[in-house]
Amino acid sequence: MSSPTADSSRGRRVALLTLGCARNEVDSEELAGRLAAGGWELAGEPESSDVIVVNTCGFVESAKKDSVDTLLAAADTGAKVVAVGCMAERYGEELAENLPEADAVLGFDHYPDLAERLGDIVSGHKIASHAPADRRTLLPISPVQRPAAAEEVAVPGHAQAGWGPRVLRTRLDDAPVAALKIASGCDRRCSFCAIPSFRGSFVSRQPDEIVAEAAWLGREGVKELFLVSENSTSYGKDFGRANGGGRALELLLPRLAEVDGVERVRVSYLQPAETRPGLVKAIATTPGVAAYFDLSFQHSSETVLRRMRRFGSTESFLALIDQIREYAPAAGIRTNVIVGFPGETEADVDELARFLTAARMDAVGVFGYSDEDGTEAETFDGKLDADVIAERVGRISGLVEELTAQRAEERVGEFVDVLVEEAGDEPTGRAEHQAPEVDGECVLLDAAEAKVGEIIRCRVVDTAGVDLVVRPIDTAAGADR
């Protein structure tokens, strides 16, 4: 691990551009912390920097294209360009060969020494491109042996050990919400997903370390913590009996909700097959924790789910949703689904439509299947034509648009606590059932004095698709949920 001291890079300017998910955003802020500790000045604009570091996404084809386009645009500024992140980790030397505009393609193993490596690049030295390998091989097979081993492996977002009371993270914006990584990697073997091969096996961060970072974020003005990982329901499985083991997330949530300055804690990416009753209760009833369930259903046909190497069914998923609503009838529930998976039939699509209609979720992302390099599904027979997939995406997307708009309309008359994220004549923000960027927003009427970061009690008075139109209430008069 690099020492947290400045080096010869002092005075040089670096810009960080981030693509992809909230996990990447956390990684970028960790990289910013490393670079600042190594003497680099963080540039607000790429054009004014010596080096542009692009934290790429390598999840699906559209994300890869966005990453390449961003790298090419960065090269046009005349600055040195360095690719890091998932696409760089996944493709390494191949990406470097096909994208000579990038001065370096670096993997996760370069992160601890990134400040020094950027200094080498600016000085004209050539850095060997990352050679990809299956990162699942870097940690022990036994989950309980991983936390100690992870201290010797570069795991993005897990770099706090050895830095004492200091948090190795620099915020890249002043938004009132911030992602907080609780774990990395995944042990599941979904047939369509390549993430475990380049993100590695599942490993949890220690609770005290997470709480310390949450406290730092609270002091930085963050009002909502957005807990992220590849699979939050696995949190703590690698602790054994220590720190609560399988109940670790249930025990962590109240601690985070008590952090000074933090008003709301939100959990993302719950695996339905691992979502235990105790965790449902903790999320739905703990004060300060959003009653919000980001459940990765992916489909509801048992036949398709088995080919995906996943578990569940329409009935089991509906039972889970019923369990959630027994505790919190107004809980926010969202998911993503894949249509057009190899072997999917019209009957399977009908079953998915039946599930979505009965589930009445607040938000649903609909994606058409496409092959991903190195996945099991890439080898499956029963591939569907692109036009068939597009037709099914259109059908399910149309249904989802209608259903989620109806769900929003059901909230008219409800009281919601809105975190203001944009001020102005018509401020906008998010209620408890709305996660950043993906679940719609609230438009506040008669609230021109609202300030960013303020949480305002409102009544829902209208809707626009999945968005809510709300009006602040007189809190002095009081109101029941």
# chains A, B, ... in the order shown; residues from 1 in each chain; ligands from 1
>>> select_by_dssp(residues="region 183-334 of chain A", states="helix (DSSP H, G or I)", output="PyMOL selection string")
chain A and resi 195-199+207-219+232-234+237-239+242-257+272-274+277-285+302-307+314-327
>>> residues_around(residues="Asp50 (chain A)", least_positions_apart="5", cutoff="8 Å", atoms="only C-alpha atoms", output="CSV table (one decimal) with all heavy atoms, in the first residue's frame")
chain,number,residue,atom,x,y,z
A,12,ARG,N,0.8,19.3,-10.0
A,12,ARG,CA,0.2,18.9,-11.3
A,12,ARG,C,-1.3,18.7,-11.1
A,12,ARG,O,-1.8,18.4,-10.1
A,12,ARG,CB,0.8,17.6,-11.8
A,12,ARG,CG,2.3,17.9,-12.3
A,12,ARG,CD,3.0,16.6,-12.7
A,12,ARG,NE,4.3,16.9,-13.3
A,12,ARG,CZ,5.2,16.0,-13.5
A,12,ARG,NH1,5.0,14.8,-13.2
A,12,ARG,NH2,6.4,16.4,-14.0
A,13,ARG,N,-2.1,18.9,-12.2
A,13,ARG,CA,-3.5,18.9,-12.2
A,13,ARG,C,-4.1,17.7,-12.9
A,13,ARG,O,-3.7,17.3,-14.0
A,13,ARG,CB,-4.1,20.2,-12.8
A,13,ARG,CG,-3.7,21.5,-12.0
A,13,ARG,CD,-4.0,22.7,-12.8
A,13,ARG,NE,-5.5,22.8,-13.1
A,13,ARG,CZ,-6.4,23.3,-12.3
A,13,ARG,NH1,-6.0,23.6,-11.0
A,13,ARG,NH2,-7.6,23.3,-12.6
A,14,VAL,N,-5.1,17.1,-12.2
A,14,VAL,CA,-5.8,15.9,-12.8
A,14,VAL,C,-7.3,16.1,-12.7
A,14,VAL,O,-7.8,16.7,-11.8
A,14,VAL,CB,-5.3,14.7,-12.0
A,14,VAL,CG1,-5.7,14.8,-10.5
A,14,VAL,CG2,-6.0,13.4,-12.6
A,79,ALA,N,-4.6,16.8,-23.2
A,79,ALA,CA,-4.1,16.3,-22.0
A,79,ALA,C,-3.8,14.8,-22.1
A,79,ALA,O,-4.2,14.2,-23.0
A,79,ALA,CB,-5.1,16.5,-20.8
A,80,LYS,N,-2.9,14.3,-21.2
A,80,LYS,CA,-2.7,12.9,-21.2
A,80,LYS,C,-4.0,12.2,-20.7
A,80,LYS,O,-4.8,12.8,-19.9
A,80,LYS,CB,-1.6,12.5,-20.2
A,80,LYS,CG,-0.2,13.1,-20.5
A,80,LYS,CD,0.4,12.4,-21.7
A,80,LYS,CE,1.8,12.9,-21.9
A,80,LYS,NZ,2.5,12.2,-23.1
A,122,VAL,N,3.0,11.6,-17.2
A,122,VAL,CA,3.2,13.0,-17.5
A,122,VAL,C,4.7,13.3,-17.9
A,122,VAL,O,5.0,14.1,-18.7
A,122,VAL,CB,2.8,13.9,-16.4
A,122,VAL,CG1,3.3,15.4,-16.6
A,122,VAL,CG2,1.3,13.9,-16.2
>>> select_by_dssp(residues="region 10-111 of chain A", states="strand (DSSP E)", output="PDB file with N, CA, C and O atoms, in the first residue's frame")
ATOM      1  N   ARG A  13      -2.060  18.892 -12.250  1.00  0.00           N
ATOM      2  CA  ARG A  13      -3.520  18.913 -12.191  1.00  0.00           C
ATOM      3  C   ARG A  13      -4.107  17.696 -12.885  1.00  0.00           C
ATOM      4  O   ARG A  13      -3.667  17.306 -13.966  1.00  0.00           O
ATOM      5  N   VAL A  14      -5.133  17.120 -12.249  1.00  0.00           N
ATOM      6  CA  VAL A  14      -5.778  15.931 -12.782  1.00  0.00           C
ATOM      7  C   VAL A  14      -7.284  16.112 -12.718  1.00  0.00           C
ATOM      8  O   VAL A  14      -7.820  16.667 -11.757  1.00  0.00           O
ATOM      9  N   ALA A  15      -7.975  15.677 -13.765  1.00  0.00           N
ATOM     10  CA  ALA A  15      -9.440  15.669 -13.795  1.00  0.00           C
ATOM     11  C   ALA A  15      -9.924  14.228 -13.805  1.00  0.00           C
ATOM     12  O   ALA A  15      -9.308  13.361 -14.445  1.00  0.00           O
ATOM     13  N   LEU A  16     -11.002  13.971 -13.083  1.00  0.00           N
ATOM     14  CA  LEU A  16     -11.599  12.634 -13.018  1.00  0.00           C
ATOM     15  C   LEU A  16     -12.974  12.675 -13.669  1.00  0.00           C
ATOM     16  O   LEU A  16     -13.823  13.497 -13.298  1.00  0.00           O
ATOM     17  N   LEU A  17     -13.201  11.798 -14.654  1.00  0.00           N
ATOM     18  CA  LEU A  17     -14.500  11.660 -15.306  1.00  0.00           C
ATOM     19  C   LEU A  17     -15.035  10.270 -14.993  1.00  0.00           C
ATOM     20  O   LEU A  17     -14.334   9.275 -15.178  1.00  0.00           O
ATOM     21  N   THR A  18     -16.289  10.204 -14.534  1.00  0.00           N
ATOM     22  CA  THR A  18     -16.842   8.928 -14.072  1.00  0.00           C
ATOM     23  C   THR A  18     -18.039   8.519 -14.905  1.00  0.00           C
ATOM     24  O   THR A  18     -18.961   9.312 -15.119  1.00  0.00           O
ATOM     25  N   GLU A  41      -3.395  18.164  -7.774  1.00  0.00           N
ATOM     26  CA  GLU A  41      -4.491  19.107  -7.627  1.00  0.00           C
ATOM     27  C   GLU A  41      -5.635  18.652  -8.518  1.00  0.00           C
ATOM     28  O   GLU A  41      -5.440  18.386  -9.704  1.00  0.00           O
ATOM     29  N   LEU A  42      -6.828  18.577  -7.947  1.00  0.00           N
ATOM     30  CA  LEU A  42      -7.992  18.126  -8.700  1.00  0.00           C
ATOM     31  C   LEU A  42      -8.547  19.283  -9.516  1.00  0.00           C
ATOM     32  O   LEU A  42      -8.887  20.341  -8.966  1.00  0.00           O
ATOM     33  N   VAL A  51      -3.622  15.675 -16.785  1.00  0.00           N
ATOM     34  CA  VAL A  51      -4.052  14.294 -17.013  1.00  0.00           C
ATOM     35  C   VAL A  51      -5.551  14.209 -16.808  1.00  0.00           C
ATOM     36  O   VAL A  51      -6.086  14.808 -15.866  1.00  0.00           O
ATOM     37  N   ILE A  52      -6.224  13.462 -17.668  1.00  0.00           N
ATOM     38  CA  ILE A  52      -7.640  13.155 -17.475  1.00  0.00           C
ATOM     39  C   ILE A  52      -7.753  11.658 -17.209  1.00  0.00           C
ATOM     40  O   ILE A  52      -7.351  10.840 -18.042  1.00  0.00           O
ATOM     41  N   VAL A  53      -8.285  11.315 -16.044  1.00  0.00           N
ATOM     42  CA  VAL A  53      -8.507   9.918 -15.675  1.00  0.00           C
ATOM     43  C   VAL A  53      -9.981   9.608 -15.918  1.00  0.00           C
ATOM     44  O   VAL A  53     -10.863  10.251 -15.325  1.00  0.00           O
ATOM     45  N   VAL A  54     -10.252   8.657 -16.789  1.00  0.00           N
ATOM     46  CA  VAL A  54     -11.629   8.276 -17.109  1.00  0.00           C
ATOM     47  C   VAL A  54     -11.934   6.952 -16.424  1.00  0.00           C
ATOM     48  O   VAL A  54     -11.340   5.922 -16.745  1.00  0.00           O
ATOM     49  N   ASN A  55     -12.852   7.002 -15.462  1.00  0.00           N
ATOM     50  CA  ASN A  55     -13.289   5.797 -14.751  1.00  0.00           C
ATOM     51  C   ASN A  55     -14.399   5.161 -15.583  1.00  0.00           C
ATOM     52  O   ASN A  55     -15.548   5.589 -15.551  1.00  0.00           O
ATOM     53  N   THR A  56     -14.040   4.131 -16.346  1.00  0.00           N
ATOM     54  CA  THR A  56     -14.928   3.564 -17.361  1.00  0.00           C
ATOM     55  C   THR A  56     -15.924   2.575 -16.789  1.00  0.00           C
ATOM     56  O   THR A  56     -15.754   2.029 -15.694  1.00  0.00           O
ATOM     57  N   LYS A  80      -2.933  14.322 -21.219  1.00  0.00           N
ATOM     58  CA  LYS A  80      -2.705  12.884 -21.155  1.00  0.00           C
ATOM     59  C   LYS A  80      -4.012  12.220 -20.713  1.00  0.00           C
ATOM     60  O   LYS A  80      -4.753  12.761 -19.889  1.00  0.00           O
ATOM     61  N   VAL A  81      -4.303  11.039 -21.257  1.00  0.00           N
ATOM     62  CA  VAL A  81      -5.557  10.353 -20.951  1.00  0.00           C
ATOM     63  C   VAL A  81      -5.258   8.962 -20.402  1.00  0.00           C
ATOM     64  O   VAL A  81      -4.490   8.201 -21.005  1.00  0.00           O
ATOM     65  N   VAL A  82      -5.877   8.642 -19.267  1.00  0.00           N
ATOM     66  CA  VAL A  82      -5.678   7.352 -18.612  1.00  0.00           C
ATOM     67  C   VAL A  82      -7.032   6.700 -18.382  1.00  0.00           C
ATOM     68  O   VAL A  82      -7.935   7.316 -17.798  1.00  0.00           O
ATOM     69  N   ALA A  83      -7.190   5.477 -18.849  1.00  0.00           N
ATOM     70  CA  ALA A  83      -8.416   4.712 -18.623  1.00  0.00           C
ATOM     71  C   ALA A  83      -8.246   3.823 -17.402  1.00  0.00           C
ATOM     72  O   ALA A  83      -7.256   3.090 -17.284  1.00  0.00           O
ATOM     73  N   VAL A  84      -9.211   3.918 -16.473  1.00  0.00           N
ATOM     74  CA  VAL A  84      -9.269   3.022 -15.325  1.00  0.00           C
ATOM     75  C   VAL A  84     -10.696   2.481 -15.257  1.00  0.00           C
ATOM     76  O   VAL A  84     -11.494   2.674 -16.161  1.00  0.00           O
ATOM     77  N   ALA A 104      -2.563   5.427 -21.257  1.00  0.00           N
ATOM     78  CA  ALA A 104      -2.387   4.257 -20.404  1.00  0.00           C
ATOM     79  C   ALA A 104      -3.742   3.643 -20.107  1.00  0.00           C
ATOM     80  O   ALA A 104      -4.754   4.347 -20.024  1.00  0.00           O
ATOM     81  N   VAL A 105      -3.764   2.325 -19.957  1.00  0.00           N
ATOM     82  CA  VAL A 105      -4.951   1.591 -19.526  1.00  0.00           C
ATOM     83  C   VAL A 105      -4.538   0.828 -18.267  1.00  0.00           C
ATOM     84  O   VAL A 105      -3.749  -0.119 -18.335  1.00  0.00           O
TER      85      VAL A 105
END
>>> residues_around(residues="Glu391 (chain A)", least_positions_apart="3", cutoff="12 Å", atoms="only C-alpha atoms", output="NGL selection string")
:A and (339-340 or 346 or 349 or 367-368 or 384-388 or 394-398)
>>> write_last_selection(atoms="all heavy atoms", output="CSV table (one decimal), in the first residue's frame")
chain,number,residue,atom,x,y,z
A,339,VAL,N,-35.6,-9.0,-20.9
A,339,VAL,CA,-36.5,-9.7,-21.8
A,339,VAL,C,-35.7,-10.1,-23.0
A,339,VAL,O,-34.7,-9.5,-23.4
A,339,VAL,CB,-37.7,-8.9,-22.2
A,339,VAL,CG1,-38.6,-8.6,-21.0
A,339,VAL,CG2,-37.3,-7.6,-22.9
A,340,GLY,N,-36.2,-11.2,-23.7
A,340,GLY,CA,-35.5,-11.7,-24.8
A,340,GLY,C,-34.3,-12.7,-24.5
A,340,GLY,O,-33.4,-12.9,-25.3
A,346,GLU,N,-43.1,-16.8,-25.6
A,346,GLU,CA,-44.2,-15.8,-25.4
A,346,GLU,C,-44.9,-16.1,-24.1
A,346,GLU,O,-45.4,-15.1,-23.4
A,346,GLU,CB,-45.2,-15.9,-26.6
A,346,GLU,CG,-44.7,-15.3,-27.9
A,346,GLU,CD,-44.5,-13.8,-27.8
A,346,GLU,OE1,-45.1,-13.2,-26.9
A,346,GLU,OE2,-43.9,-13.3,-28.7
A,349,VAL,N,-43.0,-14.4,-21.4
A,349,VAL,CA,-43.2,-12.9,-21.4
A,349,VAL,C,-44.6,-12.6,-20.8
A,349,VAL,O,-44.7,-11.7,-20.0
A,349,VAL,CB,-43.1,-12.3,-22.8
A,349,VAL,CG1,-43.4,-10.8,-22.8
A,349,VAL,CG2,-41.8,-12.7,-23.4
A,367,PHE,N,-34.7,-4.1,-19.9
A,367,PHE,CA,-33.5,-4.2,-20.8
A,367,PHE,C,-33.7,-5.4,-21.7
A,367,PHE,O,-34.2,-6.5,-21.3
A,367,PHE,CB,-32.2,-4.4,-19.9
A,367,PHE,CG,-32.0,-3.3,-19.0
A,367,PHE,CD1,-32.5,-3.2,-17.7
A,367,PHE,CD2,-31.2,-2.2,-19.5
A,367,PHE,CE1,-32.2,-2.2,-16.9
A,367,PHE,CE2,-30.9,-1.1,-18.6
A,367,PHE,CZ,-31.4,-1.1,-17.4
A,368,GLY,N,-33.3,-5.3,-23.0
A,368,GLY,CA,-33.2,-6.4,-23.9
A,368,GLY,C,-32.0,-7.2,-23.7
A,368,GLY,O,-30.9,-6.6,-23.5
A,384,LEU,N,-32.7,-15.4,-29.6
A,384,LEU,CA,-33.8,-14.7,-30.3
A,384,LEU,C,-33.3,-13.7,-31.2
A,384,LEU,O,-32.3,-13.0,-31.0
A,384,LEU,CB,-34.8,-14.1,-29.3
A,384,LEU,CG,-35.4,-15.1,-28.2
A,384,LEU,CD1,-36.3,-14.3,-27.3
A,384,LEU,CD2,-36.2,-16.2,-28.9
A,385,ASP,N,-34.1,-13.5,-32.3
A,385,ASP,CA,-33.7,-12.4,-33.3
A,385,ASP,C,-33.8,-11.0,-32.6
A,385,ASP,O,-34.7,-10.8,-31.7
A,385,ASP,CB,-34.6,-12.5,-34.5
A,385,ASP,CG,-34.4,-13.7,-35.4
A,385,ASP,OD1,-33.3,-14.3,-35.2
A,385,ASP,OD2,-35.3,-14.1,-36.1
A,386,ALA,N,-33.0,-10.1,-33.1
A,386,ALA,CA,-33.0,-8.8,-32.5
A,386,ALA,C,-34.4,-8.1,-32.6
A,386,ALA,O,-34.8,-7.4,-31.7
A,386,ALA,CB,-32.0,-7.9,-33.2
A,387,ASP,N,-35.1,-8.4,-33.7
A,387,ASP,CA,-36.4,-7.7,-33.8
A,387,ASP,C,-37.4,-8.3,-32.8
A,387,ASP,O,-38.3,-7.6,-32.4
A,387,ASP,CB,-36.9,-7.8,-35.3
A,387,ASP,CG,-37.1,-9.2,-35.8
A,387,ASP,OD1,-36.5,-10.1,-35.1
A,387,ASP,OD2,-37.7,-9.4,-36.8
A,388,VAL,N,-37.3,-9.6,-32.5
A,388,VAL,CA,-38.2,-10.2,-31.5
A,388,VAL,C,-37.9,-9.6,-30.1
A,388,VAL,O,-38.8,-9.2,-29.4
A,388,VAL,CB,-38.0,-11.7,-31.5
A,388,VAL,CG1,-38.8,-12.3,-30.3
A,388,VAL,CG2,-38.4,-12.3,-32.8
A,394,GLY,N,-40.4,-3.4,-26.2
A,394,GLY,CA,-41.4,-2.4,-26.4
A,394,GLY,C,-42.7,-2.8,-25.6
A,394,GLY,O,-43.3,-1.9,-25.0
A,395,ARG,N,-43.1,-4.0,-25.7
A,395,ARG,CA,-44.3,-4.5,-25.0
A,395,ARG,C,-44.2,-4.3,-23.5
A,395,ARG,O,-45.1,-3.7,-22.9
A,395,ARG,CB,-44.6,-5.9,-25.4
A,395,ARG,CG,-45.8,-6.5,-24.6
A,395,ARG,CD,-45.9,-8.0,-24.8
A,395,ARG,NE,-46.8,-8.6,-23.8
A,395,ARG,CZ,-47.0,-9.9,-23.6
A,395,ARG,NH1,-46.4,-10.7,-24.4
A,395,ARG,NH2,-47.9,-10.3,-22.7
A,396,ILE,N,-43.1,-4.8,-22.9
A,396,ILE,CA,-43.0,-4.7,-21.5
A,396,ILE,C,-42.8,-3.3,-21.0
A,396,ILE,O,-43.3,-2.8,-20.0
A,396,ILE,CB,-41.9,-5.6,-21.0
A,396,ILE,CG1,-42.2,-7.1,-21.3
A,396,ILE,CG2,-41.6,-5.5,-19.5
A,396,ILE,CD1,-43.5,-7.6,-20.6
A,397,SER,N,-42.0,-2.5,-21.8
A,397,SER,CA,-41.8,-1.1,-21.5
A,397,SER,C,-43.1,-0.3,-21.5
A,397,SER,O,-43.3,0.5,-20.6
A,397,SER,CB,-40.8,-0.5,-22.4
A,397,SER,OG,-39.5,-1.1,-22.3
A,398,GLY,N,-43.9,-0.6,-22.4
A,398,GLY,CA,-45.2,0.1,-22.5
A,398,GLY,C,-46.1,-0.2,-21.3
A,398,GLY,O,-46.7,0.6,-20.7
>>> closest_atom_pairs(of="region 290-375 of chain A", to="region 404-414 of chain A", cutoff="12 Å", atoms="only C-alpha atoms", output="Markdown table")
| residue | atom | partner | partner_atom | distance |
| --- | --- | --- | --- | --- |
| A:Pro329 | CA | A:Arg411 | CA | 11.0 |
| A:Ala330 | CA | A:Arg411 | CA | 8.2 |
| A:Ala331 | CA | A:Arg411 | CA | 10.9 |
| A:Gly332 | CA | A:Arg407 | CA | 10.1 |
| A:Ile333 | CA | A:Arg407 | CA | 10.5 |
| A:Arg334 | CA | A:Thr404 | CA | 9.8 |
| A:Thr335 | CA | A:Thr404 | CA | 11.6 |
| A:Leu356 | CA | A:Thr404 | CA | 9.8 |
| A:Thr357 | CA | A:Thr404 | CA | 9.7 |
| A:Ala358 | CA | A:Arg407 | CA | 11.4 |
| A:Ala359 | CA | A:Arg407 | CA | 10.1 |
| A:Arg360 | CA | A:Arg407 | CA | 6.3 |
| A:Met361 | CA | A:Thr404 | CA | 6.5 |
| A:Asp362 | CA | A:Thr404 | CA | 5.3 |
| A:Ala363 | CA | A:Thr404 | CA | 6.0 |
| A:Val364 | CA | A:Thr404 | CA | 7.8 |
| A:Gly365 | CA | A:Thr404 | CA | 10.8 |
>>> write_last_selection(atoms="all heavy atoms", output="short mmCIF file (atom, residue, chain, number, x, y, z; two decimals), in the first residue's frame")
data_model
loop_
_atom_site.label_atom_id
_atom_site.label_comp_id
_atom_site.auth_asym_id
_atom_site.auth_seq_id
_atom_site.Cartn_x
_atom_site.Cartn_y
_atom_site.Cartn_z
N PRO A 329 -46.85 -0.05 3.95
CA PRO A 329 -47.71 -0.06 2.75
C PRO A 329 -47.24 0.89 1.66
O PRO A 329 -47.47 0.63 0.48
CB PRO A 329 -49.08 0.36 3.31
CG PRO A 329 -49.04 -0.07 4.74
CD PRO A 329 -47.63 0.16 5.19
N ALA A 330 -46.59 2.00 2.03
CA ALA A 330 -46.15 2.98 1.04
C ALA A 330 -44.69 2.80 0.63
O ALA A 330 -44.12 3.67 -0.02
CB ALA A 330 -46.36 4.39 1.58
N ALA A 331 -44.10 1.67 0.99
CA ALA A 331 -42.69 1.44 0.68
C ALA A 331 -42.42 1.56 -0.82
O ALA A 331 -43.26 1.18 -1.65
CB ALA A 331 -42.26 0.05 1.14
N GLY A 332 -41.27 2.10 -1.16
CA GLY A 332 -40.85 2.15 -2.55
C GLY A 332 -40.25 0.81 -2.96
O GLY A 332 -39.44 0.24 -2.23
N ILE A 333 -40.66 0.30 -4.11
CA ILE A 333 -40.13 -0.97 -4.62
C ILE A 333 -39.80 -0.77 -6.09
O ILE A 333 -40.62 -0.28 -6.87
CB ILE A 333 -41.15 -2.12 -4.46
CG1 ILE A 333 -41.58 -2.26 -3.00
CG2 ILE A 333 -40.55 -3.43 -4.97
CD1 ILE A 333 -42.65 -3.31 -2.77
N ARG A 334 -38.58 -1.15 -6.47
CA ARG A 334 -38.16 -1.05 -7.87
C ARG A 334 -37.40 -2.31 -8.26
O ARG A 334 -36.96 -3.09 -7.42
CB ARG A 334 -37.29 0.19 -8.10
CG ARG A 334 -35.92 0.09 -7.53
CD ARG A 334 -34.74 0.55 -8.40
NE ARG A 334 -35.07 1.37 -9.52
CZ ARG A 334 -34.81 1.02 -10.78
NH1 ARG A 334 -34.21 -0.15 -11.03
NH2 ARG A 334 -35.10 1.81 -11.78
N THR A 335 -37.27 -2.52 -9.57
CA THR A 335 -36.51 -3.66 -10.06
C THR A 335 -36.03 -3.39 -11.47
O THR A 335 -36.38 -2.39 -12.10
CB THR A 335 -37.37 -4.94 -10.04
OG1 THR A 335 -36.50 -6.09 -10.15
CG2 THR A 335 -38.37 -4.98 -11.19
N LEU A 356 -45.56 -8.26 -13.13
CA LEU A 356 -45.42 -6.80 -13.05
C LEU A 356 -46.77 -6.15 -12.75
O LEU A 356 -46.85 -5.18 -11.98
CB LEU A 356 -44.83 -6.26 -14.34
CG LEU A 356 -43.38 -6.68 -14.65
CD1 LEU A 356 -42.99 -6.25 -16.06
CD2 LEU A 356 -42.42 -6.12 -13.62
N THR A 357 -47.82 -6.67 -13.35
CA THR A 357 -49.15 -6.11 -13.12
C THR A 357 -49.58 -6.28 -11.67
O THR A 357 -50.15 -5.36 -11.06
CB THR A 357 -50.17 -6.76 -14.06
OG1 THR A 357 -49.77 -6.56 -15.42
CG2 THR A 357 -51.56 -6.18 -13.86
N ALA A 358 -49.31 -7.43 -11.12
CA ALA A 358 -49.71 -7.70 -9.73
C ALA A 358 -48.81 -6.99 -8.72
O ALA A 358 -49.26 -6.65 -7.62
CB ALA A 358 -49.70 -9.21 -9.47
N ALA A 359 -47.55 -6.77 -9.07
CA ALA A 359 -46.57 -6.24 -8.11
C ALA A 359 -46.75 -4.76 -7.82
O ALA A 359 -46.40 -4.29 -6.74
CB ALA A 359 -45.16 -6.50 -8.63
N ARG A 360 -47.22 -3.97 -8.79
CA ARG A 360 -47.46 -2.54 -8.58
C ARG A 360 -46.21 -1.84 -8.02
O ARG A 360 -46.25 -1.18 -6.99
CB ARG A 360 -48.64 -2.31 -7.65
CG ARG A 360 -49.97 -2.78 -8.18
CD ARG A 360 -51.09 -2.74 -7.16
NE ARG A 360 -51.03 -1.58 -6.27
CZ ARG A 360 -50.72 -1.66 -4.97
NH1 ARG A 360 -50.41 -2.83 -4.43
NH2 ARG A 360 -50.72 -0.57 -4.24
N MET A 361 -45.10 -1.97 -8.73
CA MET A 361 -43.86 -1.35 -8.27
C MET A 361 -43.77 0.10 -8.73
O MET A 361 -44.45 0.53 -9.66
CB MET A 361 -42.67 -2.16 -8.77
CG MET A 361 -42.52 -3.48 -8.06
SD MET A 361 -41.11 -4.47 -8.61
CE MET A 361 -41.79 -5.18 -10.10
N ASP A 362 -42.89 0.85 -8.08
CA ASP A 362 -42.74 2.27 -8.37
C ASP A 362 -41.87 2.54 -9.59
O ASP A 362 -42.05 3.56 -10.26
CB ASP A 362 -42.13 2.99 -7.17
CG ASP A 362 -43.05 2.97 -5.97
OD1 ASP A 362 -43.91 3.85 -5.88
OD2 ASP A 362 -42.92 2.05 -5.12
N ALA A 363 -40.92 1.66 -9.86
CA ALA A 363 -40.02 1.86 -11.00
C ALA A 363 -39.53 0.51 -11.48
O ALA A 363 -39.23 -0.38 -10.66
CB ALA A 363 -38.84 2.75 -10.61
N VAL A 364 -39.42 0.36 -12.79
CA VAL A 364 -38.94 -0.89 -13.39
C VAL A 364 -38.06 -0.52 -14.58
O VAL A 364 -38.49 0.19 -15.49
CB VAL A 364 -40.10 -1.79 -13.87
CG1 VAL A 364 -39.55 -3.08 -14.47
CG2 VAL A 364 -41.06 -2.09 -12.72
N GLY A 365 -36.82 -0.99 -14.57
CA GLY A 365 -35.96 -0.84 -15.72
C GLY A 365 -36.09 -2.05 -16.63
O GLY A 365 -36.03 -3.19 -16.15
#
>>> residues_around(residues="Glu224 (chain A)", least_positions_apart="5", cutoff="6 Å", atoms="only C-alpha atoms", output="PDB file with N, CA, C and O atoms, in the first residue's frame")
ATOM      1  N   VAL A 177     -26.584  14.031  -1.367  1.00  0.00           N
ATOM      2  CA  VAL A 177     -26.638  12.570  -1.311  1.00  0.00           C
ATOM      3  C   VAL A 177     -25.305  12.024  -1.777  1.00  0.00           C
ATOM      4  O   VAL A 177     -24.666  12.588  -2.672  1.00  0.00           O
ATOM      5  N   VAL A 262     -26.744  13.024   9.069  1.00  0.00           N
ATOM      6  CA  VAL A 262     -27.406  12.156   8.088  1.00  0.00           C
ATOM      7  C   VAL A 262     -28.880  12.020   8.449  1.00  0.00           C
ATOM      8  O   VAL A 262     -29.227  11.681   9.581  1.00  0.00           O
ATOM      9  N   GLU A 263     -29.731  12.286   7.478  1.00  0.00           N
ATOM     10  CA  GLU A 263     -31.171  12.240   7.710  1.00  0.00           C
ATOM     11  C   GLU A 263     -31.819  10.975   7.163  1.00  0.00           C
ATOM     12  O   GLU A 263     -32.881  10.573   7.619  1.00  0.00           O
ATOM     13  N   ARG A 264     -31.180  10.352   6.164  1.00  0.00           N
ATOM     14  CA  ARG A 264     -31.820   9.205   5.513  1.00  0.00           C
ATOM     15  C   ARG A 264     -30.760   8.251   5.000  1.00  0.00           C
ATOM     16  O   ARG A 264     -29.756   8.673   4.427  1.00  0.00           O
ATOM     17  N   VAL A 265     -30.992   6.967   5.200  1.00  0.00           N
ATOM     18  CA  VAL A 265     -30.099   5.906   4.720  1.00  0.00           C
ATOM     19  C   VAL A 265     -30.903   5.036   3.767  1.00  0.00           C
ATOM     20  O   VAL A 265     -32.012   4.601   4.082  1.00  0.00           O
TER      21      VAL A 265
END
>>> residues_around(residues="Ser62 (chain A)", least_positions_apart="3", cutoff="12 Å", atoms="only C-alpha atoms", output="ChimeraX atom specification")
/A:19-20,56-59,65-69,87,367-368,370,372
>>> closest_residue(among="A:Val259, A:Leu106, A:Leu270, A:Ala212", to="Val289 (chain A)", atoms="only C-alpha atoms")
A:Val259
>>> atom_distance(atom1="CA of Phe297 (chain A)", atom2="CA of Cys193 (chain A)")
14.0 Å
>>> residues_around(residues="Asp425 (chain A)", least_positions_apart="2", cutoff="9 Å", atoms="only C-alpha atoms", output="count of residues only")
8
>>> atom_distance(atom1="CA of Gln206 (chain A)", atom2="CA of Arg34 (chain A)")
20.3 Å
>>> residues_around(residues="Gly278 (chain A)", least_positions_apart="6", cutoff="12 Å", atoms="only C-alpha atoms", output="PyMOL selection string")
chain A and resi 233+246-251+284-286+323-324+327
